[in-house]
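These notes concern the structure reproduced below.
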Amino acid sequence: RATRTAEEIALALLLRAETPPPLERLPPPDVFFDRDCRNIYRTFYALYQEGGTRAPTVDQILSGLRDDEGALDRTARLLVEGAVLDDESSSETPTPAENELSEILNQLERRWWKQRLVDLVQQIREAMAQGDEQLARRLREEKNALTRSLHPDATQALG
């Protein structure tokens with residue numbers, strides 16, 4: 001393929017990274033909207049948690065995905081494309097440097113937060129329509145905390 005998504009780029013970088021970011025700096029698997037990418041990342045994340053500070057090997061990831069044919073195929077494609085790109089001195093598809101991994105993961109996380117805000121507004125409306133004030137209050141608190149995380153400068157100016 002001529003273009004890769006930010007999710008695929010993040011996964012390709014994680015799969016090739018000798019030392020990935022510390023686990024506490026990695027976002028949750030839900031930031032990956034594509035099902036196959038989310039399953040690959042979820043497997044990577046779980047194996048990384050189990051291994052402590054050691055990144056999982058490609059073999060471990062592939063083994064963890066053995067029952068998910070789509071994610072296995074996507075992982076193999078990402079690995080092959082990464083190897084080809086590494087071997088080529090010039091390419092039509094530029095690949096980001098390893099130090100851009102954190103930036104890409106931050107972009108994915110912010111995208112997820114924004115989608116979560118949209119979902120929370122809908123859930124608050126539904127809770128209010130059903131008369132569930134306790135649920136609506138909890139959802140509004142989550143929405144407010146998320147808004148403060150997304151827009152720290154704006155919320156400080158208001159406070």
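Following the order of the structure tokens, first chain is A, next is B, and so on, with residues numbered from 1 inside each chain and ligands from 1 in the order they appear.
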
Do a neighbour search on A:Leu120 at 8 Å with only C-alpha atoms, toss out local chain neighbours closer than 2 positions, and write the hits as a PyMOL selection string. chain A and resi 116-118+122-124+139-140+143

How would you write, as number ranges by chain, the set of residues in stretch 28-141 of chain A that DSSP gives as helix (DSSP H, G or I)? A: 29-31, 35-51, 58-64, 69-87, 98-129, 133-141

Need the shell around stretch 28-41 of chain A: protein/DNA/RNA residues with any atom at most 10 Å away, counting only C-alpha atoms. Skip same-chain ones fewer than 4 positions apart. Format as a PDB file with all heavy atoms, in the first residue's frame?
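selection_17.pdb, freshly written:
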ATOM      1  N   THR A   5      -1.660   4.162   7.823  1.00  0.00           N
ATOM      2  CA  THR A   5      -2.342   4.985   8.806  1.00  0.00           C
ATOM      3  C   THR A   5      -1.403   5.269   9.976  1.00  0.00           C
ATOM      4  O   THR A   5      -0.378   4.587  10.153  1.00  0.00           O
ATOM      5  CB  THR A   5      -3.597   4.265   9.343  1.00  0.00           C
ATOM      6  OG1 THR A   5      -3.186   3.102  10.081  1.00  0.00           O
ATOM      7  CG2 THR A   5      -4.538   3.868   8.214  1.00  0.00           C
ATOM      8  N   ALA A   6      -1.772   6.250  10.780  1.00  0.00           N
ATOM      9  CA  ALA A   6      -0.985   6.550  11.980  1.00  0.00           C
ATOM     10  C   ALA A   6      -0.936   5.324  12.892  1.00  0.00           C
ATOM     11  O   ALA A   6       0.091   5.053  13.521  1.00  0.00           O
ATOM     12  CB  ALA A   6      -1.584   7.748  12.712  1.00  0.00           C
ATOM     13  N   GLU A   7      -2.022   4.572  12.941  1.00  0.00           N
ATOM     14  CA  GLU A   7      -2.048   3.354  13.762  1.00  0.00           C
ATOM     15  C   GLU A   7      -1.021   2.351  13.264  1.00  0.00           C
ATOM     16  O   GLU A   7      -0.284   1.758  14.050  1.00  0.00           O
ATOM     17  CB  GLU A   7      -3.455   2.742  13.767  1.00  0.00           C
ATOM     18  CG  GLU A   7      -4.474   3.602  14.478  1.00  0.00           C
ATOM     19  CD  GLU A   7      -5.852   2.971  14.552  1.00  0.00           C
ATOM     20  OE1 GLU A   7      -5.995   1.769  14.239  1.00  0.00           O
ATOM     21  OE2 GLU A   7      -6.795   3.685  14.949  1.00  0.00           O
ATOM     22  N   GLU A   8      -0.964   2.158  11.956  1.00  0.00           N
ATOM     23  CA  GLU A   8      -0.002   1.219  11.390  1.00  0.00           C
ATOM     24  C   GLU A   8       1.431   1.698  11.587  1.00  0.00           C
ATOM     25  O   GLU A   8       2.325   0.890  11.879  1.00  0.00           O
ATOM     26  CB  GLU A   8      -0.280   0.993   9.909  1.00  0.00           C
ATOM     27  CG  GLU A   8      -1.554   0.214   9.654  1.00  0.00           C
ATOM     28  CD  GLU A   8      -1.880   0.093   8.176  1.00  0.00           C
ATOM     29  OE1 GLU A   8      -1.673   1.066   7.429  1.00  0.00           O
ATOM     30  OE2 GLU A   8      -2.338  -0.998   7.778  1.00  0.00           O
ATOM     31  N   ALA A  10       2.516   3.585  14.046  1.00  0.00           N
ATOM     32  CA  ALA A  10       2.833   3.374  15.461  1.00  0.00           C
ATOM     33  C   ALA A  10       3.182   1.915  15.720  1.00  0.00           C
ATOM     34  O   ALA A  10       4.166   1.605  16.402  1.00  0.00           O
ATOM     35  CB  ALA A  10       1.668   3.821  16.338  1.00  0.00           C
ATOM     36  N   LEU A  11       2.388   1.016  15.168  1.00  0.00           N
ATOM     37  CA  LEU A  11       2.660  -0.417  15.364  1.00  0.00           C
ATOM     38  C   LEU A  11       3.978  -0.838  14.726  1.00  0.00           C
ATOM     39  O   LEU A  11       4.747  -1.597  15.329  1.00  0.00           O
ATOM     40  CB  LEU A  11       1.513  -1.260  14.799  1.00  0.00           C
ATOM     41  CG  LEU A  11       0.219  -1.212  15.586  1.00  0.00           C
ATOM     42  CD1 LEU A  11      -0.896  -1.923  14.826  1.00  0.00           C
ATOM     43  CD2 LEU A  11       0.402  -1.811  16.971  1.00  0.00           C
ATOM     44  N   LEU A  14       6.677   0.288  16.977  1.00  0.00           N
ATOM     45  CA  LEU A  14       6.738  -0.530  18.194  1.00  0.00           C
ATOM     46  C   LEU A  14       7.341  -1.902  17.915  1.00  0.00           C
ATOM     47  O   LEU A  14       8.138  -2.414  18.702  1.00  0.00           O
ATOM     48  CB  LEU A  14       5.338  -0.710  18.786  1.00  0.00           C
ATOM     49  CG  LEU A  14       4.828   0.397  19.671  1.00  0.00           C
ATOM     50  CD1 LEU A  14       3.365   0.168  20.032  1.00  0.00           C
ATOM     51  CD2 LEU A  14       5.669   0.540  20.926  1.00  0.00           C
ATOM     52  N   LEU A  15       6.958  -2.488  16.786  1.00  0.00           N
ATOM     53  CA  LEU A  15       7.463  -3.818  16.446  1.00  0.00           C
ATOM     54  C   LEU A  15       8.963  -3.803  16.182  1.00  0.00           C
ATOM     55  O   LEU A  15       9.647  -4.808  16.400  1.00  0.00           O
ATOM     56  CB  LEU A  15       6.723  -4.377  15.226  1.00  0.00           C
ATOM     57  CG  LEU A  15       5.252  -4.719  15.436  1.00  0.00           C
ATOM     58  CD1 LEU A  15       4.585  -5.048  14.104  1.00  0.00           C
ATOM     59  CD2 LEU A  15       5.095  -5.864  16.427  1.00  0.00           C
ATOM     60  N   LEU A  23       6.052   1.392  29.896  1.00  0.00           N
ATOM     61  CA  LEU A  23       4.654   0.987  29.856  1.00  0.00           C
ATOM     62  C   LEU A  23       3.722   2.092  30.337  1.00  0.00           C
ATOM     63  O   LEU A  23       2.668   2.323  29.742  1.00  0.00           O
ATOM     64  CB  LEU A  23       4.466  -0.279  30.699  1.00  0.00           C
ATOM     65  CG  LEU A  23       3.130  -0.971  30.585  1.00  0.00           C
ATOM     66  CD1 LEU A  23       2.877  -1.436  29.162  1.00  0.00           C
ATOM     67  CD2 LEU A  23       3.056  -2.141  31.535  1.00  0.00           C
ATOM     68  N   GLU A  24       4.113   2.812  31.379  1.00  0.00           N
ATOM     69  CA  GLU A  24       3.240   3.860  31.924  1.00  0.00           C
ATOM     70  C   GLU A  24       3.055   5.030  30.950  1.00  0.00           C
ATOM     71  O   GLU A  24       2.135   5.827  31.111  1.00  0.00           O
ATOM     72  CB  GLU A  24       3.729   4.360  33.285  1.00  0.00           C
ATOM     73  CG  GLU A  24       5.096   4.978  33.294  1.00  0.00           C
ATOM     74  CD  GLU A  24       6.235   3.969  33.486  1.00  0.00           C
ATOM     75  OE1 GLU A  24       5.980   2.750  33.567  1.00  0.00           O
ATOM     76  OE2 GLU A  24       7.394   4.422  33.546  1.00  0.00           O
ATOM     77  N   TYR A  45       0.893  -4.833  24.288  1.00  0.00           N
ATOM     78  CA  TYR A  45       0.761  -4.187  25.598  1.00  0.00           C
ATOM     79  C   TYR A  45       0.711  -5.226  26.722  1.00  0.00           C
ATOM     80  O   TYR A  45       1.409  -5.100  27.731  1.00  0.00           O
ATOM     81  CB  TYR A  45      -0.505  -3.319  25.589  1.00  0.00           C
ATOM     82  CG  TYR A  45      -0.643  -2.378  26.745  1.00  0.00           C
ATOM     83  CD1 TYR A  45      -0.116  -1.099  26.682  1.00  0.00           C
ATOM     84  CD2 TYR A  45      -1.338  -2.747  27.895  1.00  0.00           C
ATOM     85  CE1 TYR A  45      -0.265  -0.203  27.734  1.00  0.00           C
ATOM     86  CE2 TYR A  45      -1.483  -1.880  28.954  1.00  0.00           C
ATOM     87  CZ  TYR A  45      -0.949  -0.608  28.869  1.00  0.00           C
ATOM     88  OH  TYR A  45      -1.091   0.259  29.920  1.00  0.00           O
ATOM     89  N   ALA A  46      -0.102  -6.264  26.532  1.00  0.00           N
ATOM     90  CA  ALA A  46      -0.229  -7.311  27.547  1.00  0.00           C
ATOM     91  C   ALA A  46       1.097  -8.049  27.753  1.00  0.00           C
ATOM     92  O   ALA A  46       1.499  -8.316  28.895  1.00  0.00           O
ATOM     93  CB  ALA A  46      -1.330  -8.292  27.159  1.00  0.00           C
ATOM     94  N   LEU A  47       1.767  -8.373  26.661  1.00  0.00           N
ATOM     95  CA  LEU A  47       3.059  -9.058  26.767  1.00  0.00           C
ATOM     96  C   LEU A  47       4.111  -8.161  27.416  1.00  0.00           C
ATOM     97  O   LEU A  47       4.947  -8.630  28.189  1.00  0.00           O
ATOM     98  CB  LEU A  47       3.535  -9.517  25.384  1.00  0.00           C
ATOM     99  CG  LEU A  47       2.745 -10.662  24.769  1.00  0.00           C
ATOM    100  CD1 LEU A  47       3.097 -10.826  23.294  1.00  0.00           C
ATOM    101  CD2 LEU A  47       2.985 -11.956  25.536  1.00  0.00           C
ATOM    102  N   ILE A  61       4.557 -11.899  20.029  1.00  0.00           N
ATOM    103  CA  ILE A  61       3.374 -11.190  19.540  1.00  0.00           C
ATOM    104  C   ILE A  61       2.607 -12.071  18.552  1.00  0.00           C
ATOM    105  O   ILE A  61       1.383 -12.210  18.653  1.00  0.00           O
ATOM    106  CB  ILE A  61       3.772  -9.845  18.904  1.00  0.00           C
ATOM    107  CG1 ILE A  61       4.349  -8.919  19.981  1.00  0.00           C
ATOM    108  CG2 ILE A  61       2.570  -9.193  18.220  1.00  0.00           C
ATOM    109  CD1 ILE A  61       5.045  -7.697  19.439  1.00  0.00           C
ATOM    110  N   LEU A  62       3.317 -12.670  17.617  1.00  0.00           N
ATOM    111  CA  LEU A  62       2.663 -13.546  16.644  1.00  0.00           C
ATOM    112  C   LEU A  62       1.984 -14.725  17.330  1.00  0.00           C
ATOM    113  O   LEU A  62       0.876 -15.117  16.958  1.00  0.00           O
ATOM    114  CB  LEU A  62       3.672 -14.033  15.598  1.00  0.00           C
ATOM    115  CG  LEU A  62       4.228 -12.969  14.657  1.00  0.00           C
ATOM    116  CD1 LEU A  62       5.343 -13.537  13.787  1.00  0.00           C
ATOM    117  CD2 LEU A  62       3.124 -12.359  13.804  1.00  0.00           C
ATOM    118  N   GLY A  64       0.803 -14.709  20.367  1.00  0.00           N
ATOM    119  CA  GLY A  64      -0.367 -14.168  21.055  1.00  0.00           C
ATOM    120  C   GLY A  64      -1.528 -13.882  20.123  1.00  0.00           C
ATOM    121  O   GLY A  64      -2.678 -13.827  20.546  1.00  0.00           O
ATOM    122  N   LEU A  65      -1.237 -13.722  18.845  1.00  0.00           N
ATOM    123  CA  LEU A  65      -2.266 -13.418  17.850  1.00  0.00           C
ATOM    124  C   LEU A  65      -2.694 -14.646  17.046  1.00  0.00           C
ATOM    125  O   LEU A  65      -3.462 -14.512  16.095  1.00  0.00           O
ATOM    126  CB  LEU A  65      -1.745 -12.348  16.872  1.00  0.00           C
ATOM    127  CG  LEU A  65      -1.495 -10.965  17.435  1.00  0.00           C
ATOM    128  CD1 LEU A  65      -0.736 -10.115  16.429  1.00  0.00           C
ATOM    129  CD2 LEU A  65      -2.805 -10.306  17.828  1.00  0.00           C
ATOM    130  N   ASP A  68      -6.184 -14.926  15.710  1.00  0.00           N
ATOM    131  CA  ASP A  68      -6.752 -13.752  15.046  1.00  0.00           C
ATOM    132  C   ASP A  68      -6.079 -13.581  13.685  1.00  0.00           C
ATOM    133  O   ASP A  68      -5.061 -12.911  13.550  1.00  0.00           O
ATOM    134  CB  ASP A  68      -6.541 -12.509  15.917  1.00  0.00           C
ATOM    135  CG  ASP A  68      -7.246 -11.286  15.374  1.00  0.00           C
ATOM    136  OD1 ASP A  68      -7.570 -11.255  14.176  1.00  0.00           O
ATOM    137  OD2 ASP A  68      -7.455 -10.347  16.162  1.00  0.00           O
ATOM    138  N   GLU A  69      -6.684 -14.199  12.674  1.00  0.00           N
ATOM    139  CA  GLU A  69      -6.066 -14.226  11.346  1.00  0.00           C
ATOM    140  C   GLU A  69      -5.848 -12.835  10.761  1.00  0.00           C
ATOM    141  O   GLU A  69      -4.805 -12.551  10.174  1.00  0.00           O
ATOM    142  CB  GLU A  69      -6.929 -15.062  10.401  1.00  0.00           C
ATOM    143  CG  GLU A  69      -6.242 -15.427   9.114  1.00  0.00           C
ATOM    144  CD  GLU A  69      -7.059 -16.407   8.300  1.00  0.00           C
ATOM    145  OE1 GLU A  69      -7.556 -17.395   8.878  1.00  0.00           O
ATOM    146  OE2 GLU A  69      -7.184 -16.175   7.086  1.00  0.00           O
ATOM    147  N   GLY A  70      -6.810 -11.937  10.940  1.00  0.00           N
ATOM    148  CA  GLY A  70      -6.675 -10.583  10.406  1.00  0.00           C
ATOM    149  C   GLY A  70      -5.507  -9.843  11.032  1.00  0.00           C
ATOM    150  O   GLY A  70      -4.717  -9.199  10.331  1.00  0.00           O
ATOM    151  N   ALA A  71      -5.388  -9.926  12.348  1.00  0.00           N
ATOM    152  CA  ALA A  71      -4.286  -9.249  13.041  1.00  0.00           C
ATOM    153  C   ALA A  71      -2.948  -9.894  12.697  1.00  0.00           C
ATOM    154  O   ALA A  71      -1.936  -9.202  12.573  1.00  0.00           O
ATOM    155  CB  ALA A  71      -4.524  -9.258  14.547  1.00  0.00           C
ATOM    156  N   LEU A  72      -2.936 -11.219  12.537  1.00  0.00           N
ATOM    157  CA  LEU A  72      -1.695 -11.902  12.131  1.00  0.00           C
ATOM    158  C   LEU A  72      -1.244 -11.426  10.755  1.00  0.00           C
ATOM    159  O   LEU A  72      -0.058 -11.123  10.550  1.00  0.00           O
ATOM    160  CB  LEU A  72      -1.920 -13.417  12.086  1.00  0.00           C
ATOM    161  CG  LEU A  72      -1.611 -14.213  13.333  1.00  0.00           C
ATOM    162  CD1 LEU A  72      -2.034 -15.664  13.161  1.00  0.00           C
ATOM    163  CD2 LEU A  72      -0.155 -14.122  13.702  1.00  0.00           C
ATOM    164  N   ASP A  73      -2.179 -11.365   9.816  1.00  0.00           N
ATOM    165  CA  ASP A  73      -1.842 -10.905   8.465  1.00  0.00           C
ATOM    166  C   ASP A  73      -1.332  -9.468   8.491  1.00  0.00           C
ATOM    167  O   ASP A  73      -0.353  -9.132   7.817  1.00  0.00           O
ATOM    168  CB  ASP A  73      -3.056 -11.007   7.535  1.00  0.00           C
ATOM    169  CG  ASP A  73      -3.420 -12.435   7.193  1.00  0.00           C
ATOM    170  OD1 ASP A  73      -2.598 -13.346   7.435  1.00  0.00           O
ATOM    171  OD2 ASP A  73      -4.543 -12.654   6.685  1.00  0.00           O
ATOM    172  N   ARG A  74      -2.001  -8.625   9.263  1.00  0.00           N
ATOM    173  CA  ARG A  74      -1.591  -7.213   9.330  1.00  0.00           C
ATOM    174  C   ARG A  74      -0.203  -7.104   9.944  1.00  0.00           C
ATOM    175  O   ARG A  74       0.624  -6.324   9.478  1.00  0.00           O
ATOM    176  CB  ARG A  74      -2.613  -6.429  10.147  1.00  0.00           C
ATOM    177  CG  ARG A  74      -2.317  -4.962  10.320  1.00  0.00           C
ATOM    178  CD  ARG A  74      -2.682  -4.110   9.095  1.00  0.00           C
ATOM    179  NE  ARG A  74      -4.080  -4.084   8.812  1.00  0.00           N
ATOM    180  CZ  ARG A  74      -4.936  -3.177   9.258  1.00  0.00           C
ATOM    181  NH1 ARG A  74      -4.525  -2.181   9.997  1.00  0.00           N
ATOM    182  NH2 ARG A  74      -6.204  -3.263   8.943  1.00  0.00           N
ATOM    183  N   THR A  75       0.075  -7.879  10.998  1.00  0.00           N
ATOM    184  CA  THR A  75       1.397  -7.853  11.633  1.00  0.00           C
ATOM    185  C   THR A  75       2.470  -8.279  10.640  1.00  0.00           C
ATOM    186  O   THR A  75       3.514  -7.631  10.530  1.00  0.00           O
ATOM    187  CB  THR A  75       1.428  -8.768  12.874  1.00  0.00           C
ATOM    188  OG1 THR A  75       0.397  -8.381  13.769  1.00  0.00           O
ATOM    189  CG2 THR A  75       2.765  -8.701  13.582  1.00  0.00           C
ATOM    190  N   LEU A 105       1.759   8.210  19.113  1.00  0.00           N
ATOM    191  CA  LEU A 105       0.886   7.648  20.139  1.00  0.00           C
ATOM    192  C   LEU A 105       0.076   8.743  20.835  1.00  0.00           C
ATOM    193  O   LEU A 105      -1.101   8.545  21.138  1.00  0.00           O
ATOM    194  CB  LEU A 105       1.702   6.847  21.156  1.00  0.00           C
ATOM    195  CG  LEU A 105       2.304   5.540  20.634  1.00  0.00           C
ATOM    196  CD1 LEU A 105       3.215   4.909  21.674  1.00  0.00           C
ATOM    197  CD2 LEU A 105       1.212   4.563  20.192  1.00  0.00           C
ATOM    198  N   ASN A 106       0.685   9.902  21.059  1.00  0.00           N
ATOM    199  CA  ASN A 106      -0.046  11.033  21.652  1.00  0.00           C
ATOM    200  C   ASN A 106      -1.173  11.486  20.734  1.00  0.00           C
ATOM    201  O   ASN A 106      -2.272  11.812  21.202  1.00  0.00           O
ATOM    202  CB  ASN A 106       0.897  12.199  21.958  1.00  0.00           C
ATOM    203  CG  ASN A 106       1.782  11.930  23.154  1.00  0.00           C
ATOM    204  OD1 ASN A 106       1.463  11.090  23.989  1.00  0.00           O
ATOM    205  ND2 ASN A 106       2.887  12.629  23.233  1.00  0.00           N
ATOM    206  N   GLN A 107      -0.911  11.528  19.424  1.00  0.00           N
ATOM    207  CA  GLN A 107      -1.952  11.910  18.467  1.00  0.00           C
ATOM    208  C   GLN A 107      -3.116  10.927  18.507  1.00  0.00           C
ATOM    209  O   GLN A 107      -4.288  11.328  18.500  1.00  0.00           O
ATOM    210  CB  GLN A 107      -1.384  11.973  17.052  1.00  0.00           C
ATOM    211  CG  GLN A 107      -0.445  13.109  16.801  1.00  0.00           C
ATOM    212  CD  GLN A 107       0.241  12.999  15.448  1.00  0.00           C
ATOM    213  OE1 GLN A 107      -0.016  12.067  14.666  1.00  0.00           O
ATOM    214  NE2 GLN A 107       1.121  13.938  15.158  1.00  0.00           N
ATOM    215  N   LEU A 108      -2.803   9.634  18.572  1.00  0.00           N
ATOM    216  CA  LEU A 108      -3.854   8.620  18.635  1.00  0.00           C
ATOM    217  C   LEU A 108      -4.658   8.762  19.930  1.00  0.00           C
ATOM    218  O   LEU A 108      -5.887   8.623  19.923  1.00  0.00           O
ATOM    219  CB  LEU A 108      -3.255   7.216  18.544  1.00  0.00           C
ATOM    220  CG  LEU A 108      -2.602   6.839  17.216  1.00  0.00           C
ATOM    221  CD1 LEU A 108      -1.980   5.454  17.311  1.00  0.00           C
ATOM    222  CD2 LEU A 108      -3.598   6.912  16.071  1.00  0.00           C
ATOM    223  N   GLU A 109      -3.958   9.052  21.018  1.00  0.00           N
ATOM    224  CA  GLU A 109      -4.649   9.193  22.298  1.00  0.00           C
ATOM    225  C   GLU A 109      -5.563  10.414  22.299  1.00  0.00           C
ATOM    226  O   GLU A 109      -6.702  10.348  22.755  1.00  0.00           O
ATOM    227  CB  GLU A 109      -3.639   9.272  23.443  1.00  0.00           C
ATOM    228  CG  GLU A 109      -4.285   9.188  24.805  1.00  0.00           C
ATOM    229  CD  GLU A 109      -3.287   8.934  25.915  1.00  0.00           C
ATOM    230  OE1 GLU A 109      -2.117   9.368  25.793  1.00  0.00           O
ATOM    231  OE2 GLU A 109      -3.680   8.306  26.910  1.00  0.00           O
ATOM    232  N   ARG A 110      -5.096  11.520  21.763  1.00  0.00           N
ATOM    233  CA  ARG A 110      -5.929  12.728  21.687  1.00  0.00           C
ATOM    234  C   ARG A 110      -7.153  12.486  20.800  1.00  0.00           C
ATOM    235  O   ARG A 110      -8.251  12.926  21.114  1.00  0.00           O
ATOM    236  CB  ARG A 110      -5.126  13.916  21.173  1.00  0.00           C
ATOM    237  CG  ARG A 110      -4.134  14.454  22.210  1.00  0.00           C
ATOM    238  CD  ARG A 110      -3.432  15.700  21.736  1.00  0.00           C
ATOM    239  NE  ARG A 110      -4.315  16.841  21.580  1.00  0.00           N
ATOM    240  CZ  ARG A 110      -4.781  17.602  22.583  1.00  0.00           C
ATOM    241  NH1 ARG A 110      -4.460  17.306  23.810  1.00  0.00           N
ATOM    242  NH2 ARG A 110      -5.569  18.626  22.331  1.00  0.00           N
ATOM    243  N   ARG A 111      -6.973  11.772  19.703  1.00  0.00           N
ATOM    244  CA  ARG A 111      -8.099  11.430  18.834  1.00  0.00           C
ATOM    245  C   ARG A 111      -9.130  10.610  19.601  1.00  0.00           C
ATOM    246  O   ARG A 111     -10.329  10.830  19.509  1.00  0.00           O
ATOM    247  CB  ARG A 111      -7.578  10.652  17.617  1.00  0.00           C
ATOM    248  CG  ARG A 111      -8.661  10.223  16.650  1.00  0.00           C
ATOM    249  CD  ARG A 111      -8.139   9.268  15.611  1.00  0.00           C
ATOM    250  NE  ARG A 111      -7.781   7.992  16.227  1.00  0.00           N
ATOM    251  CZ  ARG A 111      -7.434   6.919  15.552  1.00  0.00           C
ATOM    252  NH1 ARG A 111      -7.354   6.958  14.242  1.00  0.00           N
ATOM    253  NH2 ARG A 111      -7.131   5.798  16.164  1.00  0.00           N
ATOM    254  N   TRP A 112      -8.652   9.661  20.398  1.00  0.00           N
ATOM    255  CA  TRP A 112      -9.533   8.810  21.195  1.00  0.00           C
ATOM    256  C   TRP A 112     -10.268   9.639  22.252  1.00  0.00           C
ATOM    257  O   TRP A 112     -11.460   9.460  22.466  1.00  0.00           O
ATOM    258  CB  TRP A 112      -8.723   7.689  21.844  1.00  0.00           C
ATOM    259  CG  TRP A 112      -9.517   6.821  22.762  1.00  0.00           C
ATOM    260  CD1 TRP A 112     -10.491   5.936  22.410  1.00  0.00           C
ATOM    261  CD2 TRP A 112      -9.407   6.744  24.181  1.00  0.00           C
ATOM    262  NE1 TRP A 112     -10.987   5.313  23.534  1.00  0.00           N
ATOM    263  CE2 TRP A 112     -10.333   5.797  24.630  1.00  0.00           C
ATOM    264  CE3 TRP A 112      -8.599   7.390  25.107  1.00  0.00           C
ATOM    265  CZ2 TRP A 112     -10.476   5.470  25.970  1.00  0.00           C
ATOM    266  CZ3 TRP A 112      -8.743   7.065  26.435  1.00  0.00           C
ATOM    267  CH2 TRP A 112      -9.676   6.117  26.863  1.00  0.00           C
ATOM    268  N   TRP A 113      -9.537  10.558  22.906  1.00  0.00           N
ATOM    269  CA  TRP A 113     -10.175  11.420  23.898  1.00  0.00           C
ATOM    270  C   TRP A 113     -11.293  12.230  23.268  1.00  0.00           C
ATOM    271  O   TRP A 113     -12.366  12.384  23.850  1.00  0.00           O
ATOM    272  CB  TRP A 113      -9.165  12.375  24.523  1.00  0.00           C
ATOM    273  CG  TRP A 113      -8.211  11.760  25.497  1.00  0.00           C
ATOM    274  CD1 TRP A 113      -8.260  10.514  26.038  1.00  0.00           C
ATOM    275  CD2 TRP A 113      -7.048  12.371  26.031  1.00  0.00           C
ATOM    276  NE1 TRP A 113      -7.190  10.311  26.874  1.00  0.00           N
ATOM    277  CE2 TRP A 113      -6.432  11.450  26.883  1.00  0.00           C
ATOM    278  CE3 TRP A 113      -6.458  13.618  25.855  1.00  0.00           C
ATOM    279  CZ2 TRP A 113      -5.267  11.735  27.587  1.00  0.00           C
ATOM    280  CZ3 TRP A 113      -5.298  13.900  26.547  1.00  0.00           C
ATOM    281  CH2 TRP A 113      -4.707  12.965  27.406  1.00  0.00           C
ATOM    282  N   GLN A 115     -13.058  11.515  20.613  1.00  0.00           N
ATOM    283  CA  GLN A 115     -14.174  10.617  20.324  1.00  0.00           C
ATOM    284  C   GLN A 115     -14.907  10.253  21.610  1.00  0.00           C
ATOM    285  O   GLN A 115     -16.132  10.172  21.634  1.00  0.00           O
ATOM    286  CB  GLN A 115     -13.692   9.354  19.611  1.00  0.00           C
ATOM    287  CG  GLN A 115     -14.811   8.394  19.247  1.00  0.00           C
ATOM    288  CD  GLN A 115     -15.845   9.009  18.332  1.00  0.00           C
ATOM    289  OE1 GLN A 115     -15.502   9.609  17.324  1.00  0.00           O
ATOM    290  NE2 GLN A 115     -17.117   8.879  18.681  1.00  0.00           N
ATOM    291  N   ARG A 116     -14.155  10.067  22.678  1.00  0.00           N
ATOM    292  CA  ARG A 116     -14.774   9.745  23.968  1.00  0.00           C
ATOM    293  C   ARG A 116     -15.661  10.899  24.427  1.00  0.00           C
ATOM    294  O   ARG A 116     -16.733  10.679  24.988  1.00  0.00           O
ATOM    295  CB  ARG A 116     -13.697   9.428  25.016  1.00  0.00           C
ATOM    296  CG  ARG A 116     -14.237   9.064  26.384  1.00  0.00           C
ATOM    297  CD  ARG A 116     -14.992   7.743  26.380  1.00  0.00           C
ATOM    298  NE  ARG A 116     -15.568   7.506  27.697  1.00  0.00           N
ATOM    299  CZ  ARG A 116     -16.770   6.999  27.898  1.00  0.00           C
ATOM    300  NH1 ARG A 116     -17.509   6.628  26.874  1.00  0.00           N
ATOM    301  NH2 ARG A 116     -17.235   6.828  29.107  1.00  0.00           N
TER     302      ARG A 116
END

With only C-alpha atoms as the atoms that count, which of A:Thr43, A:Ser102, A:Leu78, A:Gln130 lies nearest to A:Pro22?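 When distances to A:Pro22 are compared using only C-alpha atoms, the smallest one comes from A:Ser102.
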
To one decimal place in Å, what is the distance between atom CA of A:Glu103 and atom CA of A:His151?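 Here the two named atoms are 17.4 Å from each other.
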